[in-house]
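structure19.cif follows (mmCIF, C-alpha atoms):
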data_run
loop_
_atom_site.label_atom_id
_atom_site.label_comp_id
_atom_site.auth_asym_id
_atom_site.auth_seq_id
_atom_site.Cartn_x
_atom_site.Cartn_y
_atom_site.Cartn_z
CA MET A 1427 -8.27 47.10 -0.19
CA ALA A 1428 -10.52 49.73 1.39
CA ILE A 1429 -14.30 49.50 0.99
CA GLN A 1430 -15.26 52.28 -1.40
CA ARG A 1431 -18.91 52.48 -0.46
CA ARG A 1432 -19.53 52.31 3.24
CA MET A 1433 -23.35 52.17 3.08
CA CYS A 1434 -25.29 48.93 2.50
CA ALA A 1435 -26.02 48.16 -1.15
CA ASN A 1436 -29.66 47.40 -0.30
CA HIS A 1437 -30.28 50.00 2.43
CA ASP A 1438 -28.95 53.51 1.73
CA ASN A 1439 -29.40 54.61 5.31
CA ARG A 1440 -27.50 51.71 6.92
CA MET A 1441 -23.77 51.35 7.45
CA ALA A 1442 -22.13 48.34 5.75
CA ILE A 1443 -20.49 45.85 8.14
CA GLY A 1444 -18.65 43.94 5.40
CA VAL A 1445 -18.43 42.91 1.78
CA CYS A 1446 -20.03 39.88 0.18
CA VAL A 1447 -17.19 37.53 -0.90
CA ILE A 1448 -19.01 36.69 -4.14
CA THR A 1449 -20.72 39.87 -5.37
CA LYS A 1450 -18.23 42.24 -3.60
CA ALA A 1451 -21.21 44.43 -2.59
CA PRO A 1452 -21.08 46.19 0.82
CA ILE A 1453 -23.75 44.75 3.11
CA CYS A 1454 -25.30 45.65 6.44
CA ALA A 1455 -25.88 43.26 9.35
CA GLU A 1456 -29.41 42.45 8.19
CA CYS A 1457 -28.33 41.63 4.61
CA SER A 1458 -25.28 39.61 5.70
CA THR A 1459 -25.33 35.85 6.21
CA ARG A 1460 -22.28 34.32 7.81
CA TYR A 1461 -21.54 30.91 6.26
CA GLU A 1462 -18.35 28.89 6.66
CA GLY A 1463 -16.75 31.85 8.42
CA VAL A 1464 -17.32 34.44 5.65
CA ASN A 1465 -20.03 37.01 4.83
CA TYR A 1466 -22.44 36.52 1.96
CA SER A 1467 -25.22 38.73 0.61
CA LYS A 1468 -28.53 37.15 -0.43
CA GLU A 1469 -27.46 37.20 -4.10
CA GLY A 1470 -24.00 35.87 -3.23
CA LEU A 1471 -25.51 32.93 -1.36
CA ALA A 1472 -27.71 32.11 -4.38
CA ILE A 1473 -24.65 32.15 -6.68
CA LEU A 1474 -22.71 29.97 -4.20
CA LYS A 1475 -25.61 27.49 -4.08
CA LYS A 1476 -25.65 27.30 -7.90
CA ARG A 1477 -21.86 26.81 -8.07
CA ARG A 1478 -21.93 24.06 -5.45
CA ALA A 1479 -24.77 22.25 -7.24
CA LYS A 1480 -22.83 22.42 -10.51
CA ALA A 1481 -19.63 21.14 -8.83
CA SER A 1482 -21.52 18.30 -7.16
CA LYS A 1483 -23.11 17.35 -10.50
CA ALA A 1484 -19.67 17.35 -12.14
CA GLY A 1485 -18.32 15.28 -9.23
CA MET A 1486 -21.15 12.77 -9.63
CA SER A 1487 -20.56 12.46 -13.36
CA SER A 1488 -16.78 12.03 -12.91
CA LYS A 1489 -17.52 9.38 -10.26
CA ALA A 1490 -19.83 7.61 -12.72
CA VAL A 1491 -17.13 7.76 -15.42
CA GLY A 1492 -14.64 6.36 -12.88
CA TYR A 1493 -16.96 3.44 -12.05
CA MET A 1494 -17.59 2.74 -15.75
CA LEU A 1495 -13.85 2.78 -16.41
CA ALA A 1496 -13.23 0.44 -13.47
CA VAL A 1497 -15.89 -1.99 -14.74
CA VAL A 1498 -14.30 -2.02 -18.21
CA VAL A 1499 -10.67 -2.16 -17.06
CA SER A 1500 -11.06 -4.68 -14.19
CA PRO A 1501 -11.50 -7.79 -16.42
CA LEU A 1502 -8.40 -6.77 -18.39
CA LEU A 1503 -6.43 -6.40 -15.17
CA VAL A 1504 -7.66 -9.77 -13.92
CA TYR A 1505 -6.62 -11.31 -17.25
CA ALA A 1506 -3.18 -9.64 -16.99
CA HIS A 1507 -2.89 -11.23 -13.58
CA PHE A 1508 -3.85 -14.63 -14.94
CA LEU A 1509 -1.23 -14.27 -17.70
CA PHE A 1510 1.41 -13.44 -15.12
CA PHE A 1511 0.64 -16.54 -13.06
CA GLU A 1512 0.50 -18.74 -16.15
CA HIS A 1513 3.80 -17.43 -17.54
CA THR A 1514 5.51 -17.78 -14.16
CA THR A 1515 4.29 -21.38 -13.80
CA SER A 1516 5.44 -22.22 -17.34
CA PHE A 1517 8.78 -20.50 -16.67
CA PHE A 1518 9.42 -22.72 -13.65
CA ILE A 1519 8.49 -25.85 -15.63
CA ASP A 1520 10.91 -24.81 -18.40
CA LEU A 1521 13.58 -24.00 -15.82
CA GLN A 1522 13.43 -27.56 -14.50
CA GLN A 1523 13.88 -28.98 -17.99
CA PHE A 1524 16.81 -26.69 -18.68
CA GLU A 1525 20.09 -28.56 -18.47
CA PHE A 1526 22.53 -26.23 -16.76
CA ALA A 1527 25.45 -28.63 -17.34
CA ASN A 1528 25.15 -28.22 -21.13
CA TRP A 1529 24.95 -24.45 -20.79
CA PHE A 1530 28.36 -24.27 -19.13
CA MET B 310 22.81 31.92 16.87
CA GLY B 311 24.20 29.72 14.14
CA THR B 312 25.99 27.51 16.69
CA ALA B 313 22.86 27.09 18.77
CA ILE B 314 20.86 26.01 15.76
CA GLN B 315 23.64 23.64 14.71
CA ALA B 316 23.71 22.04 18.16
CA HIS B 317 19.94 21.67 18.21
CA PHE B 318 20.00 20.18 14.71
CA GLU B 319 22.46 17.51 15.87
CA THR B 320 20.19 16.38 18.70
CA SER B 321 16.84 16.50 16.92
CA ARG B 322 17.25 14.02 14.09
CA ALA B 323 14.14 12.50 12.63
CA PRO B 324 13.68 8.72 13.05
CA GLY B 325 15.93 6.70 10.73
CA ALA B 326 14.69 5.02 7.56
CA LEU B 327 14.47 1.64 9.24
CA SER B 328 12.49 2.85 12.28
CA SER B 329 9.25 1.78 10.56
CA MET B 330 10.64 -1.75 10.32
CA ASP B 331 11.37 -1.74 14.06
CA SER B 332 7.86 -0.46 14.83
CA ALA B 333 6.28 -3.12 12.60
CA ALA B 334 8.33 -5.92 14.20
CA GLU B 335 7.42 -4.68 17.69
CA TYR B 336 3.73 -4.36 16.74
CA LEU B 337 3.73 -7.90 15.31
CA ARG B 338 5.38 -9.28 18.45
CA ARG B 339 2.70 -7.72 20.66
CA ASN B 340 -0.35 -8.39 18.47
CA LEU B 341 0.50 -11.62 16.65
CA ALA B 342 -2.29 -13.56 18.39
CA ALA B 343 -4.91 -11.05 17.21
CA LEU B 344 -3.59 -10.79 13.64
CA LEU B 345 -2.89 -14.46 13.00
CA PRO B 346 -6.54 -15.64 12.61
CA LEU B 347 -7.18 -12.92 10.00
CA TYR B 348 -3.98 -13.79 8.19
CA VAL B 349 -4.77 -17.51 8.20
CA VAL B 350 -8.22 -16.83 6.69
CA ALA B 351 -6.60 -14.57 4.08
CA MET B 352 -3.88 -17.01 3.09
CA LEU B 353 -5.51 -20.44 3.44
CA PRO B 354 -7.04 -20.70 -0.09
CA PHE B 355 -4.02 -18.99 -1.67
CA SER B 356 -1.55 -21.30 0.10
CA ALA B 357 -3.54 -24.44 -0.78
CA ILE B 358 -3.58 -23.48 -4.46
CA MET B 359 0.05 -22.38 -4.39
CA ILE B 360 1.20 -25.72 -2.91
CA ALA B 361 -0.87 -27.53 -5.57
CA THR B 362 0.70 -25.32 -8.26
CA ILE B 363 4.21 -26.11 -6.96
CA ASP B 364 3.30 -29.80 -7.16
CA PHE B 365 2.10 -29.43 -10.76
CA VAL B 366 5.23 -27.46 -11.64
CA THR B 367 7.60 -30.07 -10.24
CA SER B 368 5.67 -32.93 -11.84
CA GLU B 369 5.74 -30.91 -15.11
CA TYR B 370 1.98 -31.24 -15.45
CA ARG B 371 1.64 -28.36 -17.90
CA ALA B 372 -2.05 -28.97 -18.66
CA MET B 373 -3.04 -27.84 -15.16
CA THR B 374 -1.30 -24.45 -15.33
CA VAL B 375 -4.34 -22.67 -16.85
CA LEU B 376 -6.71 -23.90 -14.15
CA THR B 377 -4.32 -23.21 -11.26
CA SER B 378 -3.53 -19.75 -12.64
CA TRP B 379 -7.24 -18.80 -12.68
CA LEU B 380 -7.64 -20.23 -9.18
CA LEU B 381 -4.61 -18.23 -8.03
CA VAL B 382 -6.22 -15.04 -9.38
CA LEU B 383 -9.42 -15.72 -7.39
CA ALA B 384 -7.41 -16.62 -4.27
CA THR B 385 -5.42 -13.40 -4.68
CA LEU B 386 -8.62 -11.32 -4.66
CA TRP B 387 -9.78 -13.19 -1.52
CA ARG B 388 -6.35 -12.60 0.04
CA TRP B 389 -6.45 -8.84 -0.65
CA ALA B 390 -9.95 -8.54 0.81
CA TRP B 391 -8.90 -10.16 4.09
CA LEU B 392 -5.58 -8.36 4.20
CA ALA B 393 -7.63 -5.14 4.03
CA PHE B 394 -9.36 -6.19 7.27
CA LEU B 395 -6.00 -7.04 8.82
CA GLN B 396 -4.50 -3.70 7.81
CA ARG B 397 -7.61 -1.89 9.09
CA ARG B 398 -6.94 -3.40 12.50
CA VAL B 399 -3.32 -2.21 12.41
CA GLN B 400 -4.49 1.24 11.29
CA THR B 401 -7.07 1.43 14.09
CA ASP B 402 -4.41 0.50 16.67
CA ILE B 403 -2.09 3.20 15.34
CA ARG B 404 -4.70 5.98 15.07
CA GLY B 405 -6.87 5.05 18.05
CA GLY B 406 -10.64 5.50 18.10
CA GLU B 407 -13.25 3.52 16.20
CA PRO B 408 -12.26 1.41 13.18
CA HIS B 409 -13.19 2.92 9.80
CA ARG B 410 -15.98 1.31 7.79
CA ILE B 411 -14.54 -0.92 5.10
CA ARG B 412 -17.84 -1.75 3.39
CA GLY B 413 -18.37 0.40 0.33
CA ARG B 414 -14.64 0.97 -0.03
CA LEU B 415 -13.57 -2.63 -0.53
CA HIS B 416 -14.23 -2.59 -4.30
CA SER B 417 -12.06 0.53 -4.66
CA ILE B 418 -9.30 -1.06 -2.56
CA LEU B 419 -9.41 -4.23 -4.68
CA PHE B 420 -9.35 -2.22 -7.92
CA VAL B 421 -6.33 -0.15 -6.87
CA ARG B 422 -4.57 -3.28 -5.63
CA LEU B 423 -5.22 -4.91 -9.03
CA VAL B 424 -3.71 -1.94 -10.87
CA ALA B 425 -0.79 -1.78 -8.43
CA SER B 426 -0.20 -5.50 -8.71
CA VAL B 427 -0.16 -5.42 -12.52
CA CYS B 428 2.41 -2.59 -12.25
CA ALA B 429 4.40 -4.62 -9.71
CA THR B 430 4.43 -7.75 -11.87
CA TRP B 431 4.46 -6.75 -15.55
CA GLY B 432 5.90 -3.30 -14.80
CA SER B 433 8.87 -4.75 -12.92
CA PHE B 434 10.67 -5.25 -16.25
CA ILE B 435 11.38 -1.51 -16.22
CA ILE B 436 11.90 -1.45 -12.41
CA ALA B 437 10.28 1.89 -11.42
CA PRO B 438 6.58 0.92 -12.02
CA GLY B 439 7.29 -2.33 -10.18
CA LEU B 440 8.50 -0.47 -7.09
CA TYR B 441 5.61 2.04 -7.18
CA GLY B 442 3.11 -0.78 -7.68
CA PHE B 443 4.54 -2.80 -4.80
CA LEU B 444 4.51 0.17 -2.41
CA ILE B 445 1.07 1.51 -3.39
CA GLY B 446 -0.41 -2.00 -3.22
CA GLY B 447 0.65 -2.25 0.41
CA MET B 448 -0.61 1.24 1.31
CA THR B 449 -3.98 1.06 -0.47
CA THR B 450 -6.03 0.08 2.58
CA PRO B 451 -4.76 2.76 4.99
CA LEU B 452 -5.01 5.28 2.15
CA TYR B 453 -8.64 4.51 1.28
CA LEU B 454 -9.80 4.21 4.87
CA GLU B 455 -8.47 7.66 5.77
CA PRO B 456 -11.41 10.02 5.30
CA SER B 457 -10.00 12.77 3.11
CA ASP B 458 -9.81 13.84 -0.52
CA ARG B 459 -11.04 12.23 -3.74
CA PRO B 460 -9.39 8.81 -4.39
CA THR B 461 -7.47 9.99 -7.46
CA ALA B 462 -6.09 12.97 -5.51
CA GLN B 463 -5.10 10.63 -2.67
CA ILE B 464 -3.25 8.29 -5.04
CA LYS B 465 -1.44 11.26 -6.62
CA ARG B 466 -0.43 12.47 -3.17
CA VAL B 467 0.94 9.04 -2.17
CA ILE B 468 2.90 8.83 -5.44
CA SER B 469 4.46 12.21 -4.64
CA TRP B 470 5.28 11.03 -1.09
CA ILE B 471 6.96 7.91 -2.50
CA THR B 472 8.93 9.97 -5.02
CA SER B 473 10.15 12.44 -2.42
CA SER B 474 11.14 9.67 0.04
CA HIS B 475 12.51 7.23 -2.53
CA MET B 476 15.90 6.74 -0.86
CA ARG B 477 14.26 6.00 2.47
CA LEU B 478 11.92 3.47 0.86
CA LEU B 479 14.72 1.86 -1.16
CA LYS B 480 16.65 1.30 2.07
CA ILE B 481 13.60 -0.43 3.57
CA LEU B 482 13.01 -2.61 0.49
CA THR B 483 16.70 -3.54 0.21
CA SER B 484 16.82 -4.48 3.90
CA LEU B 485 13.62 -6.51 3.49
CA GLY B 486 15.01 -8.39 0.47
CA PHE B 487 18.31 -9.01 2.26
CA LEU B 488 16.49 -10.30 5.37
CA TYR B 489 14.35 -12.59 3.17
CA PHE B 490 17.38 -14.22 1.54
CA ILE B 491 19.25 -14.55 4.83
CA SER B 492 16.18 -16.18 6.44
CA LEU B 493 15.77 -18.47 3.44
CA ILE B 494 19.40 -19.64 3.55
CA CYS B 495 19.33 -20.06 7.36
CA LEU B 496 16.08 -22.04 7.34
CA TYR B 497 17.22 -24.23 4.48
CA ALA B 498 20.57 -24.89 6.19
CA LEU B 499 18.78 -25.68 9.47
CA ILE B 500 16.45 -28.18 7.78
CA ARG B 501 19.40 -29.83 6.01
CA ILE B 502 21.26 -30.14 9.31
CA VAL B 503 18.20 -31.61 11.06
CA VAL B 504 17.53 -34.04 8.21
CA GLY B 505 21.16 -34.90 7.43
CA THR B 506 22.66 -35.10 10.92
CA LEU B 507 20.24 -34.89 13.83
CA LEU B 508 17.53 -37.29 12.65
CA PRO B 509 19.82 -40.24 11.75
CA SER B 510 22.28 -39.70 14.66
CA PHE B 511 19.88 -39.13 17.55
CA LEU B 512 16.58 -40.69 16.52
CA GLY B 513 17.86 -43.41 14.22
CA ILE B 514 15.49 -42.36 11.41
CA ASP B 515 16.57 -42.88 7.81
CA PRO B 516 15.79 -39.52 6.24
CA SER B 517 17.06 -40.28 2.72
CA ASP B 518 13.58 -39.75 1.16
CA MET B 519 13.13 -36.51 3.08
CA GLY B 520 16.58 -35.33 2.02
CA PHE B 521 15.79 -36.15 -1.60
CA THR B 522 12.52 -34.14 -1.43
CA LEU B 523 14.27 -31.18 0.20
CA SER B 524 16.99 -31.00 -2.44
CA SER B 525 14.39 -31.21 -5.23
CA TRP B 526 12.57 -28.27 -6.82
CA THR B 527 9.51 -29.00 -4.62
CA GLY B 528 11.54 -28.61 -1.44
CA ILE B 529 13.22 -25.39 -2.57
CA LEU B 530 9.96 -23.79 -3.78
CA VAL B 531 7.93 -24.82 -0.69
CA VAL B 532 10.59 -23.55 1.74
CA SER B 533 10.83 -20.28 -0.24
CA TYR B 534 7.04 -19.90 -0.12
CA LEU B 535 6.86 -20.58 3.64
CA VAL B 536 9.54 -17.97 4.37
CA GLY B 537 7.69 -15.64 1.98
CA LEU B 538 4.51 -16.05 4.07
CA ILE B 539 6.25 -14.68 7.18
CA PHE B 540 7.54 -11.71 5.21
CA ASP B 541 4.12 -11.17 3.60
CA LEU B 542 2.50 -10.79 7.04
CA TYR B 543 5.34 -8.50 8.09
CA TRP B 544 4.91 -6.39 4.92
CA ALA B 545 1.15 -6.06 5.53
CA VAL B 546 1.91 -4.44 8.89
CA LEU B 547 5.00 -2.58 7.74
CA SER B 548 3.23 -0.90 4.81
CA VAL B 549 0.72 0.71 7.22
CA MET B 550 3.63 1.97 9.33
CA ILE B 551 5.36 3.31 6.20
CA PHE B 552 2.13 5.07 5.13
CA TYR B 553 1.94 6.99 8.41
CA ASP B 554 5.69 7.62 8.40
CA LEU B 555 5.48 9.19 4.92
CA GLN B 556 2.35 11.13 5.88
CA SER B 557 3.98 12.62 8.97
CA ARG B 558 7.11 13.53 7.01
CA ARG B 559 5.05 15.38 4.37
CA LEU B 560 2.20 16.89 6.35
CA ALA B 561 3.29 17.31 9.95
CA PRO B 562 5.63 20.17 10.86
CA ASP B 563 8.90 18.36 10.30
CA LEU B 564 11.39 19.74 12.77
CA ARG B 565 14.38 19.01 10.58
CA VAL B 566 12.94 20.99 7.68
CA ARG B 567 12.16 23.95 9.92
CA ILE B 568 15.63 23.90 11.49
CA ARG B 569 17.26 23.64 8.05
CA GLY B 570 15.19 26.65 6.98
CA LEU B 571 16.33 28.59 10.05
CA ARG B 572 19.93 27.66 9.40
CA ASN B 573 19.69 28.74 5.76
CA SER B 574 18.05 32.05 6.71
CA SER B 575 20.65 32.77 9.39
CA SER B 576 23.56 32.00 7.06
CA SER B 577 22.21 34.13 4.18
#

Let's see the structure in the file written out as structure tokens.
Amino acid sequence: MAIQRRMCANHDNRMAIGVCVITKAPICAECSTRYEGVNYSKEGLAILKKRRAKASKAGMSSKAVGYMLAVVVSPLLVYAHFLFFEHTTSFFIDLQQFEFANWF
Amino acid sequence: MGTAIQAHFETSRAPGALSSMDSAAEYLRRNLAALLPLYVVAMLPFSAIMIATIDFVTSEYRAMTVLTSWLLVLATLWRWAWLAFLQRRVQTDIRGGEPHRIRGRLHSILFVRLVASVCATWGSFIIAPGLYGFLIGGMTTPLYLEPSDRPTAQIKRVISWITSSHMRLLKILTSLGFLYFISLICLYALIRIVVGTLLPSFLGIDPSDMGFTLSSWTGILVVSYLVGLIFDLYWAVLSVMIFYDLQSRRLAPDLRVRIRGLRNSSSS
């Protein structure tokens, strides 16, 4: 897609060198900040910062939910494990008492 | 063009399904001395409690089953923690460079192993969860020590790898089960020959008590457990090999897939 306006959005007398990936505004060399390989305007960078902070907050809260869930679920899993060992042990005791000769 | 691609396809086959088993056996042969101390530390409490449990089972001492089951759960957690260190060593040898930090990730590894183990035990009644649980349990350490995505995303990715390579993994598990039973029968036959023929004929020892113990439930269960220990160590190494095998098949440019794509495009 061609850049419609070739002058900088902030400086009418300067040629734009690119477009901000967030605001889509044409920007000159002075207004452009190259970050992670792409051009951002000052406003674009501010929006990116806000988005990242929000994502990190959401990540932290999902991590906290994950930990809470693990704390709640872990005792149940340990108990399920205990039940498995207990049932297996009882099964082997019953198996010894089982008279195979009568079964046939 | 088509012929050339066909010829190239014939000579550039990916490693077979059992190549991971060969790599694991070769790795164990070379590094057994380094791995054995870690494995002994991991298995010592578990084995002691397991032998005691076998004794209680054969003496039909039902009252002790609750206590030994709780002790087995604790010993299992200890075992997983030390197996994580063992698998980290295998992973470091495969990847090269510095070993990854295990502190801070151990609780996640133990949690995932708990979930996987519950799937492998209780879920085995409907087969598929049992297989997934068994495989993920083995691959948890290499998975969590690889610095990459969020843990849930990593688990999802490994599940998709297992699903897409299910035939390959079934071949490995079937071979492993077959090898276990063959080893069990061979070892049991060997012990019976030693006890029944060699000891009385050459050393003049009366092994009737030993023979009675071996043919009892205690003998059968202890021999099965001892053979199981060898395969457990082998599986700890093999699961790391399988993890990297699956990863390379999914993420690396797989030559077979590219050649198949070329062949399809040239024929269409």

Quiz prompt | Result set, the PyMOL selection byres ((chain B and resi 421) around 10) on current file, as a PyMOL selection string | solution = (chain A and resi 1496+1500) or (chain B and resi 415-420+422-427+442+445-446+449-450+453+460+464)

Taking the file above as input, evaluate the PyMOL selection byres ((chain B and resi 355) around 9) and report the hits as a CSV table (one decimal) with C-alpha atoms, keeping the file's coordinate frame.
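Okay, part-v8.csv is ready:
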chain,number,residue,atom,x,y,z
B,351,ALA,CA,-6.6,-14.6,4.1
B,352,MET,CA,-3.9,-17.0,3.1
B,353,LEU,CA,-5.5,-20.4,3.4
B,354,PRO,CA,-7.0,-20.7,-0.1
B,356,SER,CA,-1.6,-21.3,0.1
B,357,ALA,CA,-3.5,-24.4,-0.8
B,358,ILE,CA,-3.6,-23.5,-4.5
B,359,MET,CA,0.0,-22.4,-4.4
B,360,ILE,CA,1.2,-25.7,-2.9
B,380,LEU,CA,-7.6,-20.2,-9.2
B,381,LEU,CA,-4.6,-18.2,-8.0
B,382,VAL,CA,-6.2,-15.0,-9.4
B,383,LEU,CA,-9.4,-15.7,-7.4
B,384,ALA,CA,-7.4,-16.6,-4.3
B,385,THR,CA,-5.4,-13.4,-4.7
B,387,TRP,CA,-9.8,-13.2,-1.5
B,388,ARG,CA,-6.4,-12.6,0.0

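Interatomic distance, atom CA of Thr430 of chain B against atom CA of Leu1502 of chain A: 14.4 Å.
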
Give me the chain B side of the contact with chain A, cut-off 6 Å, one line per residue showing its nearest atom pair and distance in Å at one decimal, counting all atoms listed in the file, sorted by chain and residue number, as a Markdown table.
| residue | atom | partner | partner_atom | distance |
| --- | --- | --- | --- | --- |
| B:Val366 | CA | A:Ile1519 | CA | 5.4 |
| B:Glu369 | CA | A:Ile1519 | CA | 5.8 |
| B:Ser378 | CA | A:Phe1511 | CA | 5.3 |
| B:Trp379 | CA | A:Phe1508 | CA | 5.8 |

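The list of residues with at least one atom within 8 Å of Thr527 of chain B, based on all atoms listed in the file and without residues fewer than 2 positions apart in the same chain, reads Ile363, Asp364, Thr367, Thr522, Leu523, Ser525, Ile529, Leu530 and Val531 of chain B.
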
Quiz item: So what does the PyMOL selection byres ((chain B and resi 487-489) around 12) actually pick up in this one, as a VMD selection string?
Solution: chain B and resid 330 479 to 486 490 to 496 532 to 541 543 to 544

Self-check item: Å distance separating atom CA of Gly528 of chain B from atom CA of Phe443 of chain B, one decimal place
Solution: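 Going from atom CA of Gly528 of chain B over to atom CA of Phe443 of chain B covers 27.0 Å.
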
Self-check item: Gap from atom CA of Ala343 of chain B to atom CA of Asp402 of chain B - Å, one decimal
Solution: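 Atom-to-atom, atom CA of Ala343 of chain B and atom CA of Asp402 of chain B are spaced 11.6 Å apart.
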
Exercise. Compile the contact shell of Arg1440 of chain A as a PyMOL selection string: residues with an atom at most 10 Å away, counting only C-alpha atoms, same-chain residues fewer than 3 positions apart removed.
Key: chain A and resi 1432-1437+1443+1453-1456

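Of the listed residues B:Met550, B:Ile500, B:Ala361, B:Val375, the one whose atoms come nearest to Gly520 of chain B is B:Ile500, with distances taken using only C-alpha atoms.
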